[in-house]
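Here is the structure we will look at, set down as structure tokens.
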Amino acid sequence: MYYRQAGTYRTGYAQDMRLMPLKEDRILLGLVLVIAFAVLPFTASDYWLSAILIPWLCMSLVAMGQNILMGYAGQLSLGAAGFMAAGAFACYNLILRVEWMPFPVAILLSGLIAAAIGIVFGLPSLRVRGLYLAVATLASQFFIVWVIDKFGWFKNYDTSGIITAQDIVIFGKAFTSPAEMYLVVLTITVLLTWAAMNMARGSAGRNWQAVRDMDVAAEVMGLSLLRTKLQAFAISSFYCGVGGALFAFTYLKSVEPAAFDINLSFRVLFMVLIGGLGTIIGSFYGAGFILLLPVFLNIFFHALFGKAVDASITSALEQVIFGVLIILFMIYEPLGLAKLWQNLQERMRRWPFKF
Amino acid sequence: MNVVTQSHIPGVERAYPIGEPILELDSISLRFGGVQALTNISFDIREHEVRAIIGPNGAGKSSMLNVIGGLYTPQDGTIRFRGEKFANMTPGKAARLGIARTFQNIALFKRMTVLENIMAGRRLFTHANFLEVALQLPRARREELESREKAEEIIEFLEIQQIRKTQVSRLPYGLQKRVELGRALAAEPQILLLDEPMAGMNVEEKQDMCRFILDVNDHYGTTMVLIEHDMGVVMDISDRVVVLDYGKKIGDGSPAEVRSNQDVIDAYLGVAH
């Protein structure tokens, strides 16, 4: 059996509290990273890199942000696309207006700008919760997109209302091919995922979950609800902002504010729900499911029917199957793909025994 | 002042003899709109003692505890902690003074494990901010280890080693109560407020809980303030008892004194009008 907990002895708390206490997990992670960094950029086709892997990684970051806010801190929010727009247009303007601005710094700053906006729109969370908070955060979704649309300055007074993202230049080297852009996105994603996992399992994550599960008890322990909630909003918006900026610069390339509409916010919400609330890794599963399943369904139907059936029928069929799958998922595994994977691991651990 | 050095076990000296008043409540009055929840209540809590608050339903016991813990702000009266005066407490202020509490209806973080719940109770001892945690800087790593060590000490003390990585919502009621006690202990409190720690328990669970309360008091010297309905328990484990009825204080003293107080007997048994 691949997974074995037996025989793994931990002799200290530090060992027990590692990100991955199981040796097999670390080997698996190492393999995944080697493939992602060293194999895929050279072997994957441009279509796979720029149409599948890059948007998947970008949306995973956004879903991670949404998950921190919704899954860990328990604050229902519907503004993810708004913060993505803030990050994307902040990045564009920073590079446009500050000549010496290196791309990594611009990305970091656009994340921080999104975070600052997130704090402002997180203020209602101190008074309202649940669905009412979701409605309050809708304001951020519409307001941010409206401001960018309304004031030409954000788009450098482009007459078409569409901006063209600049080339990514780091230390004088331009990253323009799909493989190069993929590496940029991958590096940022890996770093931010590592940071998110550390926060989630550390004292920051415990504070968020305390506020989510029982805010009175959290307050009695000396936790400031104001600071904890706003912190979650800021970090979540940071991830959304960085994800949005990368999404715009490496995937969309020509960007209009309308790309970040409420539909996108809902899709991010579904990614979190399907991936698994309150899990960092689930963000990747969820983003993959929502982004890639339609693509695979499309390929599948093409192979099945070819040109025999009208394309409009197959595309409608795809949507139906997609919707049914989401419903089935919510009924049979409300805790998402991450939980499914966890259950599988547990079953493998005691296989071939039932319990 | 007569200092009590006798422990709960006959013939054994208390490790922490009862000392000076640590918390003094002076003419506390609390109203909710037209409802007078507490009227002019004064009593003190001495360091290292087990102090019980009893009274019939609706007497204002939980309100009293919430005033001490800073969840309710009384309209009148003052609270003195080690001689320092507080017009009103806030939950944050109370926590920093070293007041921790458990709730009548369990208020655990349901989707976290026992270990995470207890480590979350170490809130006031973790100073690393989220960036230090995210980047695993030395201070965050050190504090995390310290939290874990202290949490493990409490887990061992409360004999819940087997369930340390179990989600608390999956635990039976009695164990959840024990975990909640553990979370409060993780804050290393000077005063521990227990709101009906034995409500809804069977005899064995009650006995266990009594033992833990006395052990905590004996081992850490924590001052205990508890609300309890089981008179046998109250008379057995508390050093002094304050009795409330309809928001007024009707009795205060040792269990024996309270038991023979005519007002208390009337409040509990009713009186012919």
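Scheme for the structure tokens: letters A, B, ... for chains in order shown; per-chain residue numbers from 1; ligand numbers from 1 in order shown.
The protein and nucleic acid residues lying at most 10 Å from region 62-66 of chain B are Leu25, Ile28, Ser29, Leu30, Ala37, Leu38, Ile41, Ile53, Ile54, Leu71, Tyr72, Thr73, Pro74, Met89, Pro91, Arg101, Phe103, Gln104, Leu193, Leu194, Asp195, Glu196, Val225, Leu226, Ile227, Leu244 and Gly247 of chain B, with only C-alpha atoms considered and sequence neighbours fewer than 5 positions away removed.
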Keeping only C-alpha atoms, write those residues as an mmCIF file, in the first residue's frame.
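And here's again-v7.cif as it stands now:
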```
data_model
loop_
_atom_site.group_PDB
_atom_site.id
_atom_site.type_symbol
_atom_site.label_atom_id
_atom_site.label_comp_id
_atom_site.auth_asym_id
_atom_site.auth_seq_id
_atom_site.Cartn_x
_atom_site.Cartn_y
_atom_site.Cartn_z
ATOM 1 C CA LEU B 25 -18.057 43.615 43.273
ATOM 2 C CA ILE B 28 -23.752 46.071 40.930
ATOM 3 C CA SER B 29 -27.096 46.804 39.265
ATOM 4 C CA LEU B 30 -28.031 45.587 35.803
ATOM 5 C CA ALA B 37 -31.729 41.600 36.379
ATOM 6 C CA LEU B 38 -29.421 42.460 39.261
ATOM 7 C CA ILE B 41 -25.232 43.197 44.598
ATOM 8 C CA ILE B 53 -23.136 31.349 42.964
ATOM 9 C CA ILE B 54 -26.470 29.632 43.466
ATOM 10 C CA LEU B 71 -20.152 40.566 28.336
ATOM 11 C CA TYR B 72 -22.729 42.726 30.118
ATOM 12 C CA THR B 73 -22.090 46.254 31.314
ATOM 13 C CA PRO B 74 -23.884 47.048 34.570
ATOM 14 C CA MET B 89 -15.369 45.464 31.825
ATOM 15 C CA PRO B 91 -14.463 40.786 27.249
ATOM 16 C CA ARG B 101 -14.753 31.202 31.407
ATOM 17 C CA PHE B 103 -20.399 28.631 28.949
ATOM 18 C CA GLN B 104 -23.665 27.091 30.056
ATOM 19 C CA LEU B 193 -15.755 31.363 35.646
ATOM 20 C CA LEU B 194 -17.714 28.143 35.187
ATOM 21 C CA ASP B 195 -21.328 28.508 34.123
ATOM 22 C CA GLU B 196 -23.052 25.266 35.177
ATOM 23 C CA VAL B 225 -16.315 30.967 40.441
ATOM 24 C CA LEU B 226 -19.027 28.498 39.549
ATOM 25 C CA ILE B 227 -22.742 28.442 39.039
ATOM 26 C CA LEU B 244 -29.155 35.191 44.577
ATOM 27 C CA GLY B 247 -31.572 39.619 41.226
#
```
Per residue of region 160-256 of chain B within 7 Å of region 111-128 of chain B, what are the shortest atom pair and its distance in Å to one decimal, counting only C-alpha atoms, with rows by chain and residue number, as JSON lines?
```
{"residue": "B:Ile163", "atom": "CA", "partner": "B:Val114", "partner_atom": "CA", "distance": 6.9}
{"residue": "B:Arg164", "atom": "CA", "partner": "B:Val114", "partner_atom": "CA", "distance": 5.0}
{"residue": "B:Lys165", "atom": "CA", "partner": "B:Thr113", "partner_atom": "CA", "distance": 5.3}
{"residue": "B:Thr166", "atom": "CA", "partner": "B:Thr113", "partner_atom": "CA", "distance": 5.1}
{"residue": "B:Gln167", "atom": "CA", "partner": "B:Thr113", "partner_atom": "CA", "distance": 4.0}
{"residue": "B:Val168", "atom": "CA", "partner": "B:Thr113", "partner_atom": "CA", "distance": 5.6}
{"residue": "B:Ser169", "atom": "CA", "partner": "B:Arg111", "partner_atom": "CA", "distance": 6.5}
{"residue": "B:Val179", "atom": "CA", "partner": "B:Val114", "partner_atom": "CA", "distance": 6.6}
{"residue": "B:Gly182", "atom": "CA", "partner": "B:Ile118", "partner_atom": "CA", "distance": 6.1}
{"residue": "B:Arg183", "atom": "CA", "partner": "B:Ile118", "partner_atom": "CA", "distance": 4.2}
{"residue": "B:Ala184", "atom": "CA", "partner": "B:Gly121", "partner_atom": "CA", "distance": 6.3}
{"residue": "B:Ala186", "atom": "CA", "partner": "B:Gly121", "partner_atom": "CA", "distance": 5.2}
{"residue": "B:Ala187", "atom": "CA", "partner": "B:Arg122", "partner_atom": "CA", "distance": 5.2}
```
Go ahead and write the selection's residues with C-alpha atoms as a PDB file, in the first residue's frame.
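Saved result, again28.pdb, follows:
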```pdb
ATOM      1  CA  ILE B 163      -9.245  12.346  21.614  1.00  0.00           C
ATOM      2  CA  ARG B 164      -6.732  15.101  21.010  1.00  0.00           C
ATOM      3  CA  LYS B 165      -7.171  14.982  17.254  1.00  0.00           C
ATOM      4  CA  THR B 166     -10.902  14.361  17.220  1.00  0.00           C
ATOM      5  CA  GLN B 167     -13.241  17.036  15.979  1.00  0.00           C
ATOM      6  CA  VAL B 168     -15.128  18.284  19.057  1.00  0.00           C
ATOM      7  CA  SER B 169     -18.564  18.051  17.443  1.00  0.00           C
ATOM      8  CA  VAL B 179     -12.573  20.202  26.537  1.00  0.00           C
ATOM      9  CA  GLY B 182      -9.306  22.783  28.939  1.00  0.00           C
ATOM     10  CA  ARG B 183      -9.638  25.652  26.512  1.00  0.00           C
ATOM     11  CA  ALA B 184     -10.279  28.046  29.395  1.00  0.00           C
ATOM     12  CA  ALA B 186      -5.042  27.208  28.252  1.00  0.00           C
ATOM     13  CA  ALA B 187      -5.308  30.931  28.923  1.00  0.00           C
TER      14      ALA B 187
END
```
With a distance cut-off of 9 Å and only C-alpha atoms, select the neighbouring residues of Gly251 (chain B), excluding the residue or stretch itself and same-chain residues fewer than 3 positions from it, and output the selection as an NGL selection string. :B and (241-244 or 257-258 or 261 or 263-264)
Export of the given selection (N, CA and C atoms) as a compact mmCIF listing (two decimals), in the first residue's frame:
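What ended up in part.txt:
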```txt
# COMPACT_ATOMS: atom_id res chain seq x y z
N VAL B 241 -20.29 30.43 49.42
CA VAL B 241 -21.42 30.42 48.50
C VAL B 241 -22.13 31.76 48.59
N VAL B 242 -22.51 32.31 47.43
CA VAL B 242 -23.36 33.49 47.44
C VAL B 242 -24.69 33.07 46.81
N VAL B 243 -25.80 33.49 47.44
CA VAL B 243 -27.12 33.06 46.97
C VAL B 243 -27.86 34.26 46.41
N LEU B 244 -28.36 34.13 45.19
CA LEU B 244 -29.16 35.19 44.58
C LEU B 244 -30.60 34.72 44.44
N GLU B 257 -23.26 27.81 56.61
CA GLU B 257 -24.01 29.03 56.97
C GLU B 257 -25.18 29.22 56.01
N VAL B 258 -24.89 29.05 54.74
CA VAL B 258 -25.93 29.28 53.74
C VAL B 258 -27.07 28.29 53.92
N ASN B 261 -29.44 29.39 56.50
CA ASN B 261 -29.99 30.73 56.34
C ASN B 261 -31.48 30.63 55.98
N ASP B 263 -33.66 32.85 54.82
CA ASP B 263 -34.03 33.43 53.53
C ASP B 263 -33.77 32.46 52.39
N VAL B 264 -32.62 31.77 52.47
CA VAL B 264 -32.25 30.84 51.40
C VAL B 264 -33.23 29.68 51.38
```
Quick one: which residues from chain A are at most 7 Å off chain B, using only C-alpha atoms, as a ChimeraX atom specification? /A:13-14,195-196,198-199,202,204,206-207,210,213-214,217,219-223
Show which residues sit within 10 Å of Ala36 (chain A), as a PyMOL selection string. Count only C-alpha atoms, and ignore same-chain residues fewer than 3 positions away. chain A and resi 30-33+39-41+53+182-183+186-187
So that I can see what lies close to Ser140 (chain A), please list as a ChimeraX atom specification the residues with an atom at most 7 Å from it, counting only C-alpha atoms and leaving out residues fewer than 2 positions away in the same chain. /A:79,82,121,137-138,142-144
Non-local contacts of Val128 (chain A) (12 Å; only C-alpha atoms; under 5 positions in same chain excluded) as a PyMOL selection string: chain A and resi 75-77+122-123+133-137+229
d(CA of Thr250 (chain A), CA of Pro102 (chain A)) in Å: 15.7 Å
So that I can check the secondary structure, give me every residue of region 178-222 of chain B assigned helix (DSSP H, G or I) by backbone DSSP, as a short mmCIF file (atom, residue, chain, number, x, y, z; two decimals) with C-alpha atoms, in the first residue's frame.
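Okay, out.cif is ready:
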```cif
data_model
loop_
_atom_site.label_atom_id
_atom_site.label_comp_id
_atom_site.auth_asym_id
_atom_site.auth_seq_id
_atom_site.Cartn_x
_atom_site.Cartn_y
_atom_site.Cartn_z
CA ARG B 178 -14.16 18.88 29.72
CA VAL B 179 -12.57 20.20 26.54
CA GLU B 180 -14.16 23.56 27.19
CA LEU B 181 -12.60 23.58 30.63
CA GLY B 182 -9.31 22.78 28.94
CA ARG B 183 -9.64 25.65 26.51
CA ALA B 184 -10.28 28.05 29.40
CA LEU B 185 -7.27 26.64 31.27
CA VAL B 203 -23.27 10.97 38.30
CA GLU B 204 -19.93 9.65 37.03
CA GLU B 205 -19.38 12.63 34.77
CA LYS B 206 -20.25 14.96 37.64
CA GLN B 207 -17.77 13.24 39.89
CA ASP B 208 -15.08 13.54 37.23
CA MET B 209 -15.84 17.22 36.71
CA CYS B 210 -15.74 17.89 40.48
CA ARG B 211 -12.38 16.19 40.66
CA PHE B 212 -11.03 18.29 37.79
CA ILE B 213 -12.33 21.51 39.32
CA LEU B 214 -10.68 20.74 42.64
CA ASP B 215 -7.51 19.53 40.92
CA VAL B 216 -7.24 22.72 38.90
CA ASN B 217 -7.75 24.76 42.04
CA ASP B 218 -5.17 22.71 43.90
CA HIS B 219 -2.59 22.38 41.14
CA TYR B 220 -2.69 25.81 39.52
#
```
